[in-house]
Structures are given as C-alpha cells and as structure tokens.
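S.K.: Pasting query-v5.cif below, which is mmCIF, N, CA, C and O atoms.
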data_input
loop_
_atom_site.label_atom_id
_atom_site.label_comp_id
_atom_site.auth_asym_id
_atom_site.auth_seq_id
_atom_site.Cartn_x
_atom_site.Cartn_y
_atom_site.Cartn_z
N PHE A 1 -14.81 0.96 13.37
CA PHE A 1 -14.24 1.82 12.34
C PHE A 1 -13.59 3.01 13.02
O PHE A 1 -14.26 3.82 13.62
N LYS A 2 -12.28 3.08 12.91
CA LYS A 2 -11.55 4.20 13.52
C LYS A 2 -10.38 4.57 12.63
O LYS A 2 -9.76 3.71 12.04
N PHE A 3 -10.12 5.84 12.57
CA PHE A 3 -8.89 6.31 11.95
C PHE A 3 -8.49 7.60 12.64
O PHE A 3 -9.32 8.30 13.19
N LYS A 4 -7.21 7.87 12.64
CA LYS A 4 -6.70 9.05 13.34
C LYS A 4 -6.65 10.22 12.37
O LYS A 4 -6.07 10.14 11.30
N MET A 5 -7.30 11.31 12.77
CA MET A 5 -7.32 12.52 11.96
C MET A 5 -6.24 13.47 12.44
O MET A 5 -6.00 13.58 13.64
N PRO A 6 -5.59 14.17 11.51
CA PRO A 6 -4.66 15.22 11.93
C PRO A 6 -5.44 16.37 12.57
O PRO A 6 -6.64 16.51 12.35
N GLN A 7 -4.77 17.18 13.36
CA GLN A 7 -5.41 18.35 13.96
C GLN A 7 -5.77 19.34 12.87
O GLN A 7 -4.94 19.71 12.05
N LEU A 8 -7.01 19.75 12.83
CA LEU A 8 -7.50 20.66 11.80
C LEU A 8 -7.95 21.98 12.40
O LEU A 8 -8.35 22.04 13.55
N THR A 9 -7.92 23.03 11.58
CA THR A 9 -8.47 24.31 12.00
C THR A 9 -9.96 24.35 11.66
O THR A 9 -10.44 23.55 10.84
N LYS A 10 -10.70 25.29 12.25
CA LYS A 10 -12.12 25.43 11.92
C LYS A 10 -12.31 25.74 10.44
O LYS A 10 -13.26 25.26 9.81
N ALA A 11 -11.43 26.53 9.86
CA ALA A 11 -11.53 26.86 8.43
C ALA A 11 -11.36 25.60 7.58
O ALA A 11 -12.07 25.41 6.59
N GLN A 12 -10.42 24.74 7.95
CA GLN A 12 -10.22 23.49 7.22
C GLN A 12 -11.43 22.57 7.35
O GLN A 12 -11.83 21.91 6.38
N VAL A 13 -12.02 22.54 8.54
CA VAL A 13 -13.20 21.70 8.76
C VAL A 13 -14.36 22.21 7.91
O VAL A 13 -15.07 21.42 7.27
N LYS A 14 -14.55 23.52 7.85
CA LYS A 14 -15.62 24.10 7.04
C LYS A 14 -15.41 23.77 5.56
O LYS A 14 -16.35 23.38 4.85
N GLU A 15 -14.19 23.90 5.09
CA GLU A 15 -13.88 23.59 3.69
C GLU A 15 -14.13 22.11 3.40
O GLU A 15 -14.71 21.76 2.36
N ALA A 16 -13.72 21.24 4.31
CA ALA A 16 -13.94 19.80 4.13
C ALA A 16 -15.44 19.50 4.07
O ALA A 16 -15.89 18.72 3.21
N PHE A 17 -16.22 20.11 4.96
CA PHE A 17 -17.67 19.87 4.95
C PHE A 17 -18.27 20.27 3.61
O PHE A 17 -19.08 19.55 3.04
N GLU A 18 -17.85 21.41 3.10
CA GLU A 18 -18.39 21.89 1.82
C GLU A 18 -18.04 20.95 0.68
O GLU A 18 -18.83 20.75 -0.24
N ILE A 19 -16.86 20.33 0.74
CA ILE A 19 -16.45 19.35 -0.27
C ILE A 19 -17.27 18.07 -0.12
O ILE A 19 -17.76 17.51 -1.10
N PHE A 20 -17.42 17.59 1.11
CA PHE A 20 -18.19 16.37 1.38
C PHE A 20 -19.64 16.55 0.96
O PHE A 20 -20.25 15.62 0.45
N ASP A 21 -20.22 17.72 1.20
CA ASP A 21 -21.64 17.96 0.95
C ASP A 21 -21.88 18.23 -0.53
O ASP A 21 -22.22 19.34 -0.95
N ALA A 22 -21.74 17.18 -1.34
CA ALA A 22 -21.77 17.30 -2.79
C ALA A 22 -23.08 17.90 -3.31
O ALA A 22 -23.08 18.66 -4.28
N ASP A 23 -24.19 17.59 -2.67
CA ASP A 23 -25.48 18.12 -3.14
C ASP A 23 -25.85 19.45 -2.48
O ASP A 23 -26.92 19.99 -2.72
N GLN A 24 -24.96 19.96 -1.65
CA GLN A 24 -25.13 21.24 -0.96
C GLN A 24 -26.43 21.31 -0.17
O GLN A 24 -27.07 22.36 -0.09
N SER A 25 -26.79 20.19 0.45
CA SER A 25 -28.03 20.12 1.22
C SER A 25 -27.87 20.65 2.64
O SER A 25 -28.86 20.86 3.33
N GLY A 26 -26.63 20.81 3.09
CA GLY A 26 -26.39 21.23 4.46
C GLY A 26 -26.25 20.06 5.42
O GLY A 26 -26.06 20.25 6.61
N GLY A 27 -26.33 18.86 4.89
CA GLY A 27 -26.18 17.66 5.71
C GLY A 27 -25.50 16.56 4.91
O GLY A 27 -25.70 16.44 3.70
N LEU A 28 -24.68 15.79 5.58
CA LEU A 28 -23.97 14.69 4.92
C LEU A 28 -24.72 13.40 5.14
O LEU A 28 -25.10 13.07 6.27
N ASP A 29 -24.90 12.64 4.06
CA ASP A 29 -25.48 11.32 4.20
C ASP A 29 -24.38 10.28 4.00
O ASP A 29 -23.23 10.62 3.70
N ALA A 30 -24.72 9.02 4.17
CA ALA A 30 -23.73 7.95 4.11
C ALA A 30 -23.04 7.89 2.74
O ALA A 30 -21.83 7.65 2.66
N SER A 31 -23.78 8.14 1.67
CA SER A 31 -23.17 8.06 0.34
C SER A 31 -22.13 9.16 0.13
O SER A 31 -21.08 8.93 -0.48
N GLU A 32 -22.40 10.36 0.65
CA GLU A 32 -21.42 11.45 0.52
C GLU A 32 -20.16 11.15 1.32
O GLU A 32 -19.04 11.38 0.84
N ILE A 33 -20.33 10.64 2.52
CA ILE A 33 -19.17 10.30 3.35
C ILE A 33 -18.38 9.17 2.70
O ILE A 33 -17.15 9.23 2.60
N GLY A 34 -19.08 8.16 2.21
CA GLY A 34 -18.43 7.03 1.58
C GLY A 34 -17.65 7.41 0.33
O GLY A 34 -16.54 6.92 0.10
N ARG A 35 -18.20 8.33 -0.46
CA ARG A 35 -17.54 8.77 -1.68
C ARG A 35 -16.19 9.43 -1.36
O ARG A 35 -15.17 9.13 -1.98
N VAL A 36 -16.20 10.32 -0.38
CA VAL A 36 -14.96 11.03 -0.03
C VAL A 36 -13.94 10.07 0.57
O VAL A 36 -12.76 10.11 0.22
N LEU A 37 -14.37 9.21 1.47
CA LEU A 37 -13.44 8.26 2.08
C LEU A 37 -12.85 7.33 1.02
O LEU A 37 -11.66 7.02 1.06
N ALA A 38 -13.66 6.91 0.06
CA ALA A 38 -13.16 6.06 -1.03
C ALA A 38 -12.09 6.79 -1.84
O ALA A 38 -11.08 6.20 -2.22
N GLN A 39 -12.31 8.09 -2.08
CA GLN A 39 -11.32 8.89 -2.81
C GLN A 39 -10.01 8.99 -2.04
O GLN A 39 -8.95 9.15 -2.63
N LEU A 40 -10.12 8.89 -0.72
CA LEU A 40 -8.92 8.93 0.13
C LEU A 40 -8.30 7.54 0.30
O LEU A 40 -7.32 7.39 1.02
N GLY A 41 -8.90 6.53 -0.34
CA GLY A 41 -8.38 5.18 -0.24
C GLY A 41 -8.83 4.43 0.99
O GLY A 41 -8.27 3.38 1.33
N ILE A 42 -9.85 4.94 1.67
CA ILE A 42 -10.38 4.30 2.88
C ILE A 42 -11.63 3.54 2.49
O ILE A 42 -12.63 4.13 2.08
N LYS A 43 -11.56 2.21 2.60
CA LYS A 43 -12.69 1.37 2.23
C LYS A 43 -13.59 1.17 3.44
O LYS A 43 -13.13 0.82 4.51
N CYS A 44 -14.87 1.41 3.24
CA CYS A 44 -15.85 1.28 4.32
C CYS A 44 -17.04 0.46 3.83
O CYS A 44 -17.47 0.61 2.69
N THR A 45 -17.58 -0.32 4.71
CA THR A 45 -18.82 -1.03 4.41
C THR A 45 -19.99 -0.08 4.65
O THR A 45 -19.83 0.97 5.30
N ASP A 46 -21.16 -0.45 4.17
CA ASP A 46 -22.36 0.35 4.45
C ASP A 46 -22.59 0.43 5.96
O ASP A 46 -23.02 1.47 6.47
N GLN A 47 -22.27 -0.64 6.67
CA GLN A 47 -22.42 -0.66 8.13
C GLN A 47 -21.46 0.33 8.78
O GLN A 47 -21.84 1.04 9.72
N ASP A 48 -20.22 0.40 8.28
CA ASP A 48 -19.26 1.38 8.79
C ASP A 48 -19.78 2.80 8.61
O ASP A 48 -19.71 3.63 9.52
N LEU A 49 -20.30 3.07 7.42
CA LEU A 49 -20.81 4.42 7.13
C LEU A 49 -22.01 4.76 8.00
O LEU A 49 -22.11 5.88 8.50
N GLN A 50 -22.89 3.80 8.20
CA GLN A 50 -24.03 4.05 9.07
C GLN A 50 -23.58 4.28 10.51
O GLN A 50 -24.16 5.10 11.22
N SER A 51 -22.52 3.59 10.93
CA SER A 51 -21.97 3.80 12.27
C SER A 51 -21.46 5.23 12.44
O SER A 51 -21.64 5.84 13.49
N VAL A 52 -20.82 5.76 11.40
CA VAL A 52 -20.35 7.16 11.43
C VAL A 52 -21.54 8.09 11.61
O VAL A 52 -21.51 8.99 12.46
N ILE A 53 -22.59 7.87 10.84
CA ILE A 53 -23.80 8.69 10.96
C ILE A 53 -24.37 8.57 12.37
O ILE A 53 -24.68 9.58 13.02
N ASP A 54 -24.50 7.34 12.86
CA ASP A 54 -25.10 7.11 14.18
C ASP A 54 -24.34 7.83 15.29
O ASP A 54 -24.95 8.40 16.20
N VAL A 55 -23.02 7.82 15.21
CA VAL A 55 -22.19 8.44 16.26
C VAL A 55 -22.25 9.97 16.17
O VAL A 55 -22.37 10.65 17.18
N CYS A 56 -22.18 10.50 14.96
CA CYS A 56 -22.08 11.96 14.79
C CYS A 56 -23.41 12.68 14.76
O CYS A 56 -23.47 13.86 15.09
N ASP A 57 -24.47 11.98 14.38
CA ASP A 57 -25.79 12.60 14.19
C ASP A 57 -26.52 12.73 15.52
O ASP A 57 -27.43 11.98 15.82
N THR A 58 -26.13 13.73 16.30
CA THR A 58 -26.67 13.86 17.66
C THR A 58 -28.14 14.25 17.69
O THR A 58 -28.84 13.96 18.66
N ASP A 59 -28.64 14.89 16.63
CA ASP A 59 -30.07 15.26 16.62
C ASP A 59 -30.94 14.19 15.94
O ASP A 59 -32.14 14.37 15.81
N LYS A 60 -30.30 13.11 15.50
CA LYS A 60 -30.99 11.95 14.91
C LYS A 60 -31.82 12.32 13.67
O LYS A 60 -32.87 11.75 13.42
N SER A 61 -31.30 13.24 12.86
CA SER A 61 -31.98 13.65 11.64
C SER A 61 -31.71 12.69 10.48
O SER A 61 -32.38 12.76 9.46
N GLY A 62 -30.70 11.84 10.64
CA GLY A 62 -30.30 10.94 9.56
C GLY A 62 -29.18 11.51 8.71
O GLY A 62 -28.69 10.85 7.80
N PHE A 63 -28.76 12.72 9.02
CA PHE A 63 -27.69 13.41 8.32
C PHE A 63 -26.73 14.01 9.34
O PHE A 63 -27.12 14.28 10.47
N ILE A 64 -25.51 14.27 8.91
CA ILE A 64 -24.55 14.98 9.76
C ILE A 64 -24.53 16.43 9.28
O ILE A 64 -24.05 16.72 8.18
N GLU A 65 -25.09 17.32 10.09
CA GLU A 65 -25.08 18.74 9.76
C GLU A 65 -23.72 19.33 10.16
O GLU A 65 -22.94 18.71 10.86
N TYR A 66 -23.47 20.56 9.69
CA TYR A 66 -22.14 21.16 9.90
C TYR A 66 -21.71 21.16 11.37
O TYR A 66 -20.58 20.80 11.68
N GLU A 67 -22.59 21.57 12.26
CA GLU A 67 -22.21 21.66 13.68
C GLU A 67 -21.78 20.29 14.22
O GLU A 67 -20.83 20.20 14.99
N GLU A 68 -22.48 19.25 13.81
CA GLU A 68 -22.14 17.89 14.24
C GLU A 68 -20.80 17.47 13.63
O GLU A 68 -19.97 16.85 14.30
N PHE A 69 -20.59 17.81 12.37
CA PHE A 69 -19.34 17.50 11.67
C PHE A 69 -18.17 18.20 12.34
O PHE A 69 -17.14 17.59 12.61
N GLU A 70 -18.35 19.49 12.62
CA GLU A 70 -17.29 20.26 13.27
C GLU A 70 -16.94 19.66 14.64
O GLU A 70 -15.76 19.49 14.94
N LYS A 71 -17.94 19.34 15.41
CA LYS A 71 -17.69 18.76 16.73
C LYS A 71 -16.91 17.45 16.61
O LYS A 71 -15.95 17.23 17.34
N ALA A 72 -17.30 16.61 15.66
CA ALA A 72 -16.62 15.33 15.48
C ALA A 72 -15.18 15.52 15.00
O ALA A 72 -14.28 14.81 15.44
N MET A 73 -14.96 16.47 14.12
CA MET A 73 -13.64 16.66 13.54
C MET A 73 -12.67 17.36 14.46
O MET A 73 -11.47 17.14 14.38
N LEU A 74 -13.18 18.21 15.34
CA LEU A 74 -12.29 18.98 16.22
C LEU A 74 -12.10 18.33 17.59
O LEU A 74 -11.27 18.80 18.37
N ASN A 75 -12.83 17.28 17.87
CA ASN A 75 -12.68 16.60 19.17
C ASN A 75 -11.91 15.32 19.04
O ASN A 75 -11.73 14.76 18.05
#
Starting from the file, lay out its structure as structure tokens.

M.R.:
Amino acid sequence: FKFKMPQLTKAQVKEAFEIFDADQSGGLDASEIGRVLAQLGIKCTDQDLQSVIDVCDTDKSGFIEYEEFEKAMLN
C-alpha cells in the first residue's frame, strides 16, 4: 500500500491529524484512518490499514499518536 503525498507544512499535518482523530483520543486507529481515506476515494483493505499502523506506530501502542503521524507525513 503506497501513495504519494504532497509536501505538507507542520500546520497542515496538525490540522489533518485533528480531522483524522474523530474521537479526539490523541491516537489514530485503523477505523479512523480508513474512514478518511475512503472519503478521499482511496480504498483500503483491513490488512492495508493494519500495515499503516504497523509501519507508523513506532512505540507499538496500537495507535498512531501525533508525533508518529507527523514523522510519517513529513518524511
């Protein structure tokens, strides 16, 4: 699962995280990521979504926290 992201600013990344984090828990789960990608017309399997979590979730909490999200989006 790969797609090319445009270059974003830190402010844009923060705003995107806040939109993705629908329950305002401070961490993104697979359902939140899947919902936003679906709204963008990007179809993902549950396995694709879990792969995103696995790659970005460096502390292995099961969620993508803001710092992990920012690192993934800006690199």

S.K.: The centre and edge lengths of an axis-aligned box containing all atoms of range 35-53 of chain A present in the file, extended by 5 Å on each side, are to be given in Å to one decimal, as JSON.

M.R.:
{"center_x": -16.0, "center_y": 5.0, "center_z": 5.3, "size_x": 27.4, "size_y": 22.1, "size_z": 26.3}

S.K.: Let me know the residues the PyMOL selection byres (((chain A and resi 45 and name CA) around 12) and name CA) catches in the file above, as a list in words.

M.R.: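 Those residues are Phe1, Ala30, Ser31, Ile33, Gly34, Arg35, Leu37, Ala38, Ile42, Lys43, Cys44, Asp46, Gln47, Asp48, Leu49, Gln50, Ser51 and Val52 of chain A.
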
S.K.: Just to be explicit: take each residue in the selection above, keep N, CA, C and O atoms, and write the result as a compact mmCIF listing (two decimals), in the coordinates of the input.

M.R.:
# COMPACT_ATOMS: atom_id res chain seq x y z
N PHE A 1 -14.81 0.96 13.37
CA PHE A 1 -14.24 1.82 12.34
C PHE A 1 -13.59 3.01 13.02
O PHE A 1 -14.26 3.82 13.62
N ALA A 30 -24.72 9.02 4.17
CA ALA A 30 -23.73 7.95 4.11
C ALA A 30 -23.04 7.89 2.74
O ALA A 30 -21.83 7.65 2.66
N SER A 31 -23.78 8.14 1.67
CA SER A 31 -23.17 8.06 0.34
C SER A 31 -22.13 9.16 0.13
O SER A 31 -21.08 8.93 -0.48
N ILE A 33 -20.33 10.64 2.52
CA ILE A 33 -19.17 10.30 3.35
C ILE A 33 -18.38 9.17 2.70
O ILE A 33 -17.15 9.23 2.60
N GLY A 34 -19.08 8.16 2.21
CA GLY A 34 -18.43 7.03 1.58
C GLY A 34 -17.65 7.41 0.33
O GLY A 34 -16.54 6.92 0.10
N ARG A 35 -18.20 8.33 -0.46
CA ARG A 35 -17.54 8.77 -1.68
C ARG A 35 -16.19 9.43 -1.36
O ARG A 35 -15.17 9.13 -1.98
N LEU A 37 -14.37 9.21 1.47
CA LEU A 37 -13.44 8.26 2.08
C LEU A 37 -12.85 7.33 1.02
O LEU A 37 -11.66 7.02 1.06
N ALA A 38 -13.66 6.91 0.06
CA ALA A 38 -13.16 6.06 -1.03
C ALA A 38 -12.09 6.79 -1.84
O ALA A 38 -11.08 6.20 -2.22
N ILE A 42 -9.85 4.94 1.67
CA ILE A 42 -10.38 4.30 2.88
C ILE A 42 -11.63 3.54 2.49
O ILE A 42 -12.63 4.13 2.08
N LYS A 43 -11.56 2.21 2.60
CA LYS A 43 -12.69 1.37 2.23
C LYS A 43 -13.59 1.17 3.44
O LYS A 43 -13.13 0.82 4.51
N CYS A 44 -14.87 1.41 3.24
CA CYS A 44 -15.85 1.28 4.32
C CYS A 44 -17.04 0.46 3.83
O CYS A 44 -17.47 0.61 2.69
N ASP A 46 -21.16 -0.45 4.17
CA ASP A 46 -22.36 0.35 4.45
C ASP A 46 -22.59 0.43 5.96
O ASP A 46 -23.02 1.47 6.47
N GLN A 47 -22.27 -0.64 6.67
CA GLN A 47 -22.42 -0.66 8.13
C GLN A 47 -21.46 0.33 8.78
O GLN A 47 -21.84 1.04 9.72
N ASP A 48 -20.22 0.40 8.28
CA ASP A 48 -19.26 1.38 8.79
C ASP A 48 -19.78 2.80 8.61
O ASP A 48 -19.71 3.63 9.52
N LEU A 49 -20.30 3.07 7.42
CA LEU A 49 -20.81 4.42 7.13
C LEU A 49 -22.01 4.76 8.00
O LEU A 49 -22.11 5.88 8.50
N GLN A 50 -22.89 3.80 8.20
CA GLN A 50 -24.03 4.05 9.07
C GLN A 50 -23.58 4.28 10.51
O GLN A 50 -24.16 5.10 11.22
N SER A 51 -22.52 3.59 10.93
CA SER A 51 -21.97 3.80 12.27
C SER A 51 -21.46 5.23 12.44
O SER A 51 -21.64 5.84 13.49
N VAL A 52 -20.82 5.76 11.40
CA VAL A 52 -20.35 7.16 11.43
C VAL A 52 -21.54 8.09 11.61
O VAL A 52 -21.51 8.99 12.46

S.K.: With the PyMOL selection byres (((chain A and resi 59-71 and name CA) around 8) and name CA) as the selection, what would be picked from this file? Answer as a list of chain:residue names, please.

M.R.: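 What the PyMOL selection byres (((chain A and resi 59-71 and name CA) around 8) and name CA) grabs from the file is A:Lys10, A:Val13, A:Lys14, A:Phe17, A:Gly26, A:Gly27, A:Leu28, A:Asp29, A:Ala30, A:Ile53, A:Asp54, A:Cys56, A:Asp57, A:Thr58, A:Ala72, A:Met73, A:Leu74, A:Asn75.
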
S.K.: Do you have the CA of Gln39 in chain A-CA of Pro6 in chain A distance handy?

M.R.: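 So the two atoms, CA of Gln39 in chain A and CA of Pro6 in chain A, lie 17.4 Å apart.
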
S.K.: Select from range 3-62 of chain A everything DSSP, run on the backbone, classes as helix (DSSP H, G or I), then give the selection as a ChimeraX atom specification.

M.R.: /A:10-20,30-39,46-56

S.K.: Generate the output file for the selected residues, N, CA, C and O atoms, as a short mmCIF file (atom, residue, chain, number, x, y, z; two decimals), keeping the file's coordinate frame.

M.R.:
data_model
loop_
_atom_site.label_atom_id
_atom_site.label_comp_id
_atom_site.auth_asym_id
_atom_site.auth_seq_id
_atom_site.Cartn_x
_atom_site.Cartn_y
_atom_site.Cartn_z
N LYS A 10 -10.70 25.29 12.25
CA LYS A 10 -12.12 25.43 11.92
C LYS A 10 -12.31 25.74 10.44
O LYS A 10 -13.26 25.26 9.81
N ALA A 11 -11.43 26.53 9.86
CA ALA A 11 -11.53 26.86 8.43
C ALA A 11 -11.36 25.60 7.58
O ALA A 11 -12.07 25.41 6.59
N GLN A 12 -10.42 24.74 7.95
CA GLN A 12 -10.22 23.49 7.22
C GLN A 12 -11.43 22.57 7.35
O GLN A 12 -11.83 21.91 6.38
N VAL A 13 -12.02 22.54 8.54
CA VAL A 13 -13.20 21.70 8.76
C VAL A 13 -14.36 22.21 7.91
O VAL A 13 -15.07 21.42 7.27
N LYS A 14 -14.55 23.52 7.85
CA LYS A 14 -15.62 24.10 7.04
C LYS A 14 -15.41 23.77 5.56
O LYS A 14 -16.35 23.38 4.85
N GLU A 15 -14.19 23.90 5.09
CA GLU A 15 -13.88 23.59 3.69
C GLU A 15 -14.13 22.11 3.40
O GLU A 15 -14.71 21.76 2.36
N ALA A 16 -13.72 21.24 4.31
CA ALA A 16 -13.94 19.80 4.13
C ALA A 16 -15.44 19.50 4.07
O ALA A 16 -15.89 18.72 3.21
N PHE A 17 -16.22 20.11 4.96
CA PHE A 17 -17.67 19.87 4.95
C PHE A 17 -18.27 20.27 3.61
O PHE A 17 -19.08 19.55 3.04
N GLU A 18 -17.85 21.41 3.10
CA GLU A 18 -18.39 21.89 1.82
C GLU A 18 -18.04 20.95 0.68
O GLU A 18 -18.83 20.75 -0.24
N ILE A 19 -16.86 20.33 0.74
CA ILE A 19 -16.45 19.35 -0.27
C ILE A 19 -17.27 18.07 -0.12
O ILE A 19 -17.76 17.51 -1.10
N PHE A 20 -17.42 17.59 1.11
CA PHE A 20 -18.19 16.37 1.38
C PHE A 20 -19.64 16.55 0.96
O PHE A 20 -20.25 15.62 0.45
N ALA A 30 -24.72 9.02 4.17
CA ALA A 30 -23.73 7.95 4.11
C ALA A 30 -23.04 7.89 2.74
O ALA A 30 -21.83 7.65 2.66
N SER A 31 -23.78 8.14 1.67
CA SER A 31 -23.17 8.06 0.34
C SER A 31 -22.13 9.16 0.13
O SER A 31 -21.08 8.93 -0.48
N GLU A 32 -22.40 10.36 0.65
CA GLU A 32 -21.42 11.45 0.52
C GLU A 32 -20.16 11.15 1.32
O GLU A 32 -19.04 11.38 0.84
N ILE A 33 -20.33 10.64 2.52
CA ILE A 33 -19.17 10.30 3.35
C ILE A 33 -18.38 9.17 2.70
O ILE A 33 -17.15 9.23 2.60
N GLY A 34 -19.08 8.16 2.21
CA GLY A 34 -18.43 7.03 1.58
C GLY A 34 -17.65 7.41 0.33
O GLY A 34 -16.54 6.92 0.10
N ARG A 35 -18.20 8.33 -0.46
CA ARG A 35 -17.54 8.77 -1.68
C ARG A 35 -16.19 9.43 -1.36
O ARG A 35 -15.17 9.13 -1.98
N VAL A 36 -16.20 10.32 -0.38
CA VAL A 36 -14.96 11.03 -0.03
C VAL A 36 -13.94 10.07 0.57
O VAL A 36 -12.76 10.11 0.22
N LEU A 37 -14.37 9.21 1.47
CA LEU A 37 -13.44 8.26 2.08
C LEU A 37 -12.85 7.33 1.02
O LEU A 37 -11.66 7.02 1.06
N ALA A 38 -13.66 6.91 0.06
CA ALA A 38 -13.16 6.06 -1.03
C ALA A 38 -12.09 6.79 -1.84
O ALA A 38 -11.08 6.20 -2.22
N GLN A 39 -12.31 8.09 -2.08
CA GLN A 39 -11.32 8.89 -2.81
C GLN A 39 -10.01 8.99 -2.04
O GLN A 39 -8.95 9.15 -2.63
N ASP A 46 -21.16 -0.45 4.17
CA ASP A 46 -22.36 0.35 4.45
C ASP A 46 -22.59 0.43 5.96
O ASP A 46 -23.02 1.47 6.47
N GLN A 47 -22.27 -0.64 6.67
CA GLN A 47 -22.42 -0.66 8.13
C GLN A 47 -21.46 0.33 8.78
O GLN A 47 -21.84 1.04 9.72
N ASP A 48 -20.22 0.40 8.28
CA ASP A 48 -19.26 1.38 8.79
C ASP A 48 -19.78 2.80 8.61
O ASP A 48 -19.71 3.63 9.52
N LEU A 49 -20.30 3.07 7.42
CA LEU A 49 -20.81 4.42 7.13
C LEU A 49 -22.01 4.76 8.00
O LEU A 49 -22.11 5.88 8.50
N GLN A 50 -22.89 3.80 8.20
CA GLN A 50 -24.03 4.05 9.07
C GLN A 50 -23.58 4.28 10.51
O GLN A 50 -24.16 5.10 11.22
N SER A 51 -22.52 3.59 10.93
CA SER A 51 -21.97 3.80 12.27
C SER A 51 -21.46 5.23 12.44
O SER A 51 -21.64 5.84 13.49
N VAL A 52 -20.82 5.76 11.40
CA VAL A 52 -20.35 7.16 11.43
C VAL A 52 -21.54 8.09 11.61
O VAL A 52 -21.51 8.99 12.46
N ILE A 53 -22.59 7.87 10.84
CA ILE A 53 -23.80 8.69 10.96
C ILE A 53 -24.37 8.57 12.37
O ILE A 53 -24.68 9.58 13.02
N ASP A 54 -24.50 7.34 12.86
CA ASP A 54 -25.10 7.11 14.18
C ASP A 54 -24.34 7.83 15.29
O ASP A 54 -24.95 8.40 16.20
N VAL A 55 -23.02 7.82 15.21
CA VAL A 55 -22.19 8.44 16.26
C VAL A 55 -22.25 9.97 16.17
O VAL A 55 -22.37 10.65 17.18
N CYS A 56 -22.18 10.50 14.96
CA CYS A 56 -22.08 11.96 14.79
C CYS A 56 -23.41 12.68 14.76
O CYS A 56 -23.47 13.86 15.09
#

S.K.: Please, what distance in Å, to one decimal, runs between CA of Val36 in chain A and CA of Ile19 in chain A?

M.R.: 8.5 Å

S.K.: Name the residues of chain A that come out as strand (DSSP E or B) in a backbone DSSP run; write them as a PyMOL selection string.

M.R.: chain A and resi 27-28+64-65

S.K.: What is the distance between CA of Gln24 in chain A and atom C of Leu40 in chain A, in Å to one decimal?

M.R.: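 Computing it gives 21.7 Å between the two atoms.
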